[in-house]
Amino acid sequence: MKRTSLADIADALGVSRTLVSMVLNHRGDKNGISSETQKKVWEKARELNYQPNRIARGLRLGKSNTLGLIVADISNSFYARIARSIEDEAVKHGYQLLVSSSDEKESREKDLIERFLERQVDGLIIASTLSDTDTLTGLCQQQVPFVLIDRYFPDIQTNYVIVDNALAAEKMVSYLIENGFSRIGLLTIAPGHISSINDRVSGYKQALTKHGIVFDPDLVREISFDRLNQEVAGAIHSLLSLTKKADAIFALNNHIAVACLESLSELGISIPEEVALVSFDDENLFRFCQPPITAISQPVKEMGKKAFEILNQEINQKESTENNHQIVLPTRLEVRNSIK
C-alpha cells in the first residue's frame, strides 16, 4: 500500500503542499490559516491515514525526538531495568527510545553508534565496552550529546552516571572477612578493561589489605561473556579443589551469581554450610532462593532517571558548555542468609 504523502492530502483538498505542511506541523495559526481550513486538513489526514515521516521531519527540524541506548546485554535484568527507567522518563518528555545490545563486543558497539547517528537520534546513553576513548572523543568533537551509564572513562571528561563500585566491593569483602572468611574466591568477567569491573576488583583487594590478608591470584577467575555458564562451573570446581580451598565466592555481577547457584546445586554443594555466596548486583530471585543471597543492590531506577535528565539537558541547552555532569550514586549491602 502506497504511503500517504503531504501532496496526496493537498491534491484531495485542492490546496498547496506548503499549507498542509504548516497545518500538520502546528503552524497554521502563526501563518494566518483559518481554523476551518485547518480542520479540513486534519480530517483529510485522518481519512487518508497519513503517518508523518519521522526521519524526514527530524532532518527538517533538526530534532528527531528519538534517543539511542546501548547496553551490554538487554537480557540482563540489571540493564533491562535501566532501560525501562530511561524509557519511562523519555516517554514523559516526548521521546522514543531505541535500545540495542553490544554483547560486550567493541566492534558491535561502534557499529551501533554509527547506526543510531544515521537515524538522527538526538542523543545517546551508553554502557560502553570500548577499550579506548577514540570513538567517544569523536562524539565530543561532533557535539553529539551522550551520557555514559554504569561505566566511565577516567581519562576523558564526559557525562556519566555510575555507582561507587570500589567502595561497594570493599564493603562486601570486609563484611565476609569480619564474619570469619579469609579464602574469598572472586569470579570476575571479561573484558577486564571495563571500569566497573576494574573498580570492583580494586575494592576486593583493598578490603584484603585493610584486614591484613595477602592477595592470592589463585582465588581469582575471569569468566568469558560468551561461555559464562560453562566457565563458571569450571571455576567453582577449581576454587573448591585447591589445597586451601575457597570458603566464600564473590560473583562480580548477577549473571555470574545465577550461574554459581546452578553449578553449586548440580555439584551438591550447600550454601552457606560448605561455601558462602555473595553477588555484586541484586536480583529479585535472590530474596527467594534457599538460602536468600547476600548482594550489593544498585539504585537502578535512579541511575536511569539521572542519565536521562542529563541527556535531556544536553540536548536542549542553547549554548555548548564544557561542564560535565558526573554522578556517583551509593549502593546498599543487602545481608541475607548465604553467609554462615
# chains A, B, ... in the order shown; residues from 1 in each chain; ligands from 1

$ residues_around --residues "region 76-83 of chain A" --least-positions-apart "4" --cutoff "10 Å" --atoms "only C-alpha atoms" --output "PDB file with N, CA and C atoms, in the first residue's frame"
ATOM      1  N   LEU A  69      19.970   3.942  23.177  1.00  0.00           N
ATOM      2  CA  LEU A  69      20.544   3.352  24.389  1.00  0.00           C
ATOM      3  C   LEU A  69      21.304   2.090  24.000  1.00  0.00           C
ATOM      4  N   ILE A  70      22.580   2.033  24.352  1.00  0.00           N
ATOM      5  CA  ILE A  70      23.410   0.854  24.082  1.00  0.00           C
ATOM      6  C   ILE A  70      23.835   0.260  25.421  1.00  0.00           C
ATOM      7  N   VAL A  71      23.467  -1.001  25.642  1.00  0.00           N
ATOM      8  CA  VAL A  71      23.856  -1.707  26.861  1.00  0.00           C
ATOM      9  C   VAL A  71      24.617  -2.968  26.472  1.00  0.00           C
ATOM     10  N   ALA A  72      25.220  -3.606  27.455  1.00  0.00           N
ATOM     11  CA  ALA A  72      25.982  -4.818  27.156  1.00  0.00           C
ATOM     12  C   ALA A  72      25.053  -5.951  26.748  1.00  0.00           C
ATOM     13  N   GLU A  87      13.300   4.680  29.580  1.00  0.00           N
ATOM     14  CA  GLU A  87      12.143   4.762  28.688  1.00  0.00           C
ATOM     15  C   GLU A  87      10.984   5.505  29.354  1.00  0.00           C
ATOM     16  N   ASP A  88      10.740   5.215  30.636  1.00  0.00           N
ATOM     17  CA  ASP A  88       9.654   5.904  31.348  1.00  0.00           C
ATOM     18  C   ASP A  88       9.859   7.414  31.328  1.00  0.00           C
ATOM     19  N   LEU A  97      12.576   5.728  22.600  1.00  0.00           N
ATOM     20  CA  LEU A  97      13.866   5.144  22.956  1.00  0.00           C
ATOM     21  C   LEU A  97      14.157   3.926  22.094  1.00  0.00           C
ATOM     22  N   LEU A  98      15.328   3.927  21.445  1.00  0.00           N
ATOM     23  CA  LEU A  98      15.805   2.782  20.675  1.00  0.00           C
ATOM     24  C   LEU A  98      16.888   2.080  21.498  1.00  0.00           C
ATOM     25  N   VAL A  99      16.762   0.766  21.691  1.00  0.00           N
ATOM     26  CA  VAL A  99      17.664   0.022  22.573  1.00  0.00           C
ATOM     27  C   VAL A  99      18.349  -1.099  21.801  1.00  0.00           C
ATOM     28  N   SER A 101      21.898  -4.110  22.157  1.00  0.00           N
ATOM     29  CA  SER A 101      22.938  -4.737  22.983  1.00  0.00           C
ATOM     30  C   SER A 101      24.243  -4.829  22.210  1.00  0.00           C
ATOM     31  N   ILE A 125      22.767   7.217  25.252  1.00  0.00           N
ATOM     32  CA  ILE A 125      23.157   6.758  26.583  1.00  0.00           C
ATOM     33  C   ILE A 125      23.868   5.425  26.368  1.00  0.00           C
ATOM     34  N   ALA A 127      26.356   2.194  27.916  1.00  0.00           N
ATOM     35  CA  ALA A 127      27.124   1.392  28.873  1.00  0.00           C
ATOM     36  C   ALA A 127      28.253   0.780  28.038  1.00  0.00           C
ATOM     37  N   ILE A 149      26.669   5.359  31.222  1.00  0.00           N
ATOM     38  CA  ILE A 149      25.962   4.830  32.381  1.00  0.00           C
ATOM     39  C   ILE A 149      26.594   3.515  32.807  1.00  0.00           C
ATOM     40  N   ASP A 150      26.728   3.316  34.105  1.00  0.00           N
ATOM     41  CA  ASP A 150      27.294   2.104  34.701  1.00  0.00           C
ATOM     42  C   ASP A 150      28.812   2.038  34.570  1.00  0.00           C
ATOM     43  N   ASN A 253      28.972  -9.997  39.075  1.00  0.00           N
ATOM     44  CA  ASN A 253      27.712  -9.482  38.539  1.00  0.00           C
ATOM     45  C   ASN A 253      26.619 -10.532  38.728  1.00  0.00           C
ATOM     46  N   ASN A 254      25.388 -10.139  38.435  1.00  0.00           N
ATOM     47  CA  ASN A 254      24.252 -11.009  38.734  1.00  0.00           C
ATOM     48  C   ASN A 254      24.210 -12.260  37.870  1.00  0.00           C
ATOM     49  N   HIS A 255      24.625 -12.170  36.599  1.00  0.00           N
ATOM     50  CA  HIS A 255      24.614 -13.347  35.739  1.00  0.00           C
ATOM     51  C   HIS A 255      25.586 -14.408  36.257  1.00  0.00           C
ATOM     52  N   ASP A 281      25.324  -6.833  42.408  1.00  0.00           N
ATOM     53  CA  ASP A 281      24.054  -6.764  41.677  1.00  0.00           C
ATOM     54  C   ASP A 281      23.067  -7.652  42.421  1.00  0.00           C
ATOM     55  N   ASP A 282      21.907  -7.095  42.634  1.00  0.00           N
ATOM     56  CA  ASP A 282      20.839  -7.837  43.300  1.00  0.00           C
ATOM     57  C   ASP A 282      19.818  -8.278  42.257  1.00  0.00           C
ATOM     58  N   GLU A 283      19.148  -9.354  42.529  1.00  0.00           N
ATOM     59  CA  GLU A 283      18.082  -9.884  41.685  1.00  0.00           C
ATOM     60  C   GLU A 283      16.885 -10.164  42.577  1.00  0.00           C
ATOM     61  N   ASN A 284      15.676 -10.027  42.044  1.00  0.00           N
ATOM     62  CA  ASN A 284      14.502 -10.372  42.830  1.00  0.00           C
ATOM     63  C   ASN A 284      14.554 -11.816  43.312  1.00  0.00           C
ATOM     64  N   GLN A 298      22.135  -1.971  43.569  1.00  0.00           N
ATOM     65  CA  GLN A 298      22.410  -0.690  42.920  1.00  0.00           C
ATOM     66  C   GLN A 298      21.103   0.077  42.710  1.00  0.00           C
ATOM     67  N   PRO A 299      21.136   1.413  42.780  1.00  0.00           N
ATOM     68  CA  PRO A 299      19.923   2.228  42.599  1.00  0.00           C
ATOM     69  C   PRO A 299      19.580   2.354  41.113  1.00  0.00           C
ATOM     70  N   VAL A 300      19.114   1.254  40.542  1.00  0.00           N
ATOM     71  CA  VAL A 300      18.949   1.160  39.087  1.00  0.00           C
ATOM     72  C   VAL A 300      17.997   2.221  38.537  1.00  0.00           C
ATOM     73  N   LYS A 301      16.854   2.372  39.182  1.00  0.00           N
ATOM     74  CA  LYS A 301      15.857   3.341  38.685  1.00  0.00           C
ATOM     75  C   LYS A 301      16.424   4.747  38.681  1.00  0.00           C
ATOM     76  N   GLU A 302      17.135   5.093  39.760  1.00  0.00           N
ATOM     77  CA  GLU A 302      17.707   6.439  39.849  1.00  0.00           C
ATOM     78  C   GLU A 302      18.814   6.636  38.815  1.00  0.00           C
ATOM     79  N   MET A 303      19.596   5.576  38.544  1.00  0.00           N
ATOM     80  CA  MET A 303      20.642   5.670  37.526  1.00  0.00           C
ATOM     81  C   MET A 303      20.043   6.033  36.173  1.00  0.00           C
ATOM     82  N   GLY A 304      18.971   5.319  35.805  1.00  0.00           N
ATOM     83  CA  GLY A 304      18.333   5.601  34.527  1.00  0.00           C
ATOM     84  C   GLY A 304      17.735   6.991  34.467  1.00  0.00           C
ATOM     85  N   LYS A 305      17.083   7.388  35.563  1.00  0.00           N
ATOM     86  CA  LYS A 305      16.447   8.708  35.598  1.00  0.00           C
ATOM     87  C   LYS A 305      17.480   9.818  35.497  1.00  0.00           C
ATOM     88  N   ALA A 307      20.514   9.640  34.205  1.00  0.00           N
ATOM     89  CA  ALA A 307      21.131   9.637  32.877  1.00  0.00           C
ATOM     90  C   ALA A 307      20.239  10.360  31.870  1.00  0.00           C
TER      91      ALA A 307
END

$ residues_around --residues "Pro272 (chain A)" --least-positions-apart "6" --cutoff "8 Å" --atoms "only C-alpha atoms" --output "list in words"
Pro291, Asn337, Ser338, Ile339 and Lys340 of chain A

$ write_last_selection --atoms "N, CA and C atoms" --output "PDB file, in the first residue's frame"
ATOM      1  N   PRO A 291      19.404 -20.761  50.495  1.00  0.00           N
ATOM      2  CA  PRO A 291      19.054 -19.564  51.275  1.00  0.00           C
ATOM      3  C   PRO A 291      19.018 -18.314  50.396  1.00  0.00           C
ATOM      4  N   ASN A 337      20.959 -14.770  54.032  1.00  0.00           N
ATOM      5  CA  ASN A 337      21.444 -15.957  54.730  1.00  0.00           C
ATOM      6  C   ASN A 337      22.471 -16.800  53.966  1.00  0.00           C
ATOM      7  N   SER A 338      23.056 -16.242  52.888  1.00  0.00           N
ATOM      8  CA  SER A 338      24.030 -17.039  52.135  1.00  0.00           C
ATOM      9  C   SER A 338      25.420 -16.958  52.752  1.00  0.00           C
ATOM     10  N   ILE A 339      25.525 -16.250  53.887  1.00  0.00           N
ATOM     11  CA  ILE A 339      26.768 -16.184  54.651  1.00  0.00           C
ATOM     12  C   ILE A 339      26.499 -16.815  56.006  1.00  0.00           C
ATOM     13  N   LYS A 340      27.270 -17.828  56.375  1.00  0.00           N
ATOM     14  CA  LYS A 340      27.031 -18.534  57.636  1.00  0.00           C
ATOM     15  C   LYS A 340      27.475 -17.669  58.793  1.00  0.00           C
TER      16      LYS A 340
END

$ select_by_dssp --residues "region 58-184 of chain A" --states "alpha helix (DSSP H)" --output "PyMOL selection string"
chain A and resi 58-61+77-92+106-118+134-141+165-178

$ closest_atom_pairs --of "region 227-319 of chain A" --to "region 139-148 of chain A" --cutoff "10 Å" --atoms "only C-alpha atoms" --output "tab-separated table"
residue	atom	partner	partner_atom	distance
A:Lys306	CA	A:Val147	CA	9.8
A:Ala307	CA	A:Val147	CA	6.3
A:Phe308	CA	A:Val147	CA	8.2
A:Glu309	CA	A:Val147	CA	9.9
A:Ile310	CA	A:Val147	CA	7.3
A:Leu311	CA	A:Phe146	CA	6.2
A:Asn312	CA	A:Pro145	CA	8.7
A:Gln313	CA	A:Pro145	CA	9.2
A:Glu314	CA	A:Pro145	CA	5.8
A:Ile315	CA	A:Pro145	CA	6.1
A:Asn316	CA	A:Pro145	CA	9.7

$ write_last_selection --atoms "C-alpha atoms" --output "compact mmCIF listing (two decimals), in the first residue's frame"
# COMPACT_ATOMS: atom_id res chain seq x y z
CA LYS A 306 19.63 10.71 36.21
CA ALA A 307 21.13 9.64 32.88
CA PHE A 308 18.02 10.79 31.02
CA GLU A 309 17.88 14.11 32.89
CA ILE A 310 21.48 14.89 31.98
CA LEU A 311 21.00 13.89 28.34
CA ASN A 312 17.78 15.89 28.00
CA GLN A 313 19.55 18.93 29.42
CA GLU A 314 22.46 18.47 26.98
CA ILE A 315 20.07 18.17 24.03
CA ASN A 316 18.05 21.24 24.90

$ residues_around --residues "Ser263 (chain A)" --least-positions-apart "2" --cutoff "12 Å" --atoms "only C-alpha atoms" --output "MDAnalysis selection string"
chainID A and resid 228:237 256:261 265:271 277

$ select_by_dssp --residues "region 18-238 of chain A" --states "strand (DSSP E or B)" --output "NGL selection string"
:A and (66-71 or 96-101 or 123-126 or 146-149 or 160-163 or 184-189 or 220-223)

$ residues_around --residues "Thr158 (chain A)" --least-positions-apart "2" --cutoff "7 Å" --atoms "only C-alpha atoms" --output "list in words"
Ile156, Tyr160 and Asn324 of chain A
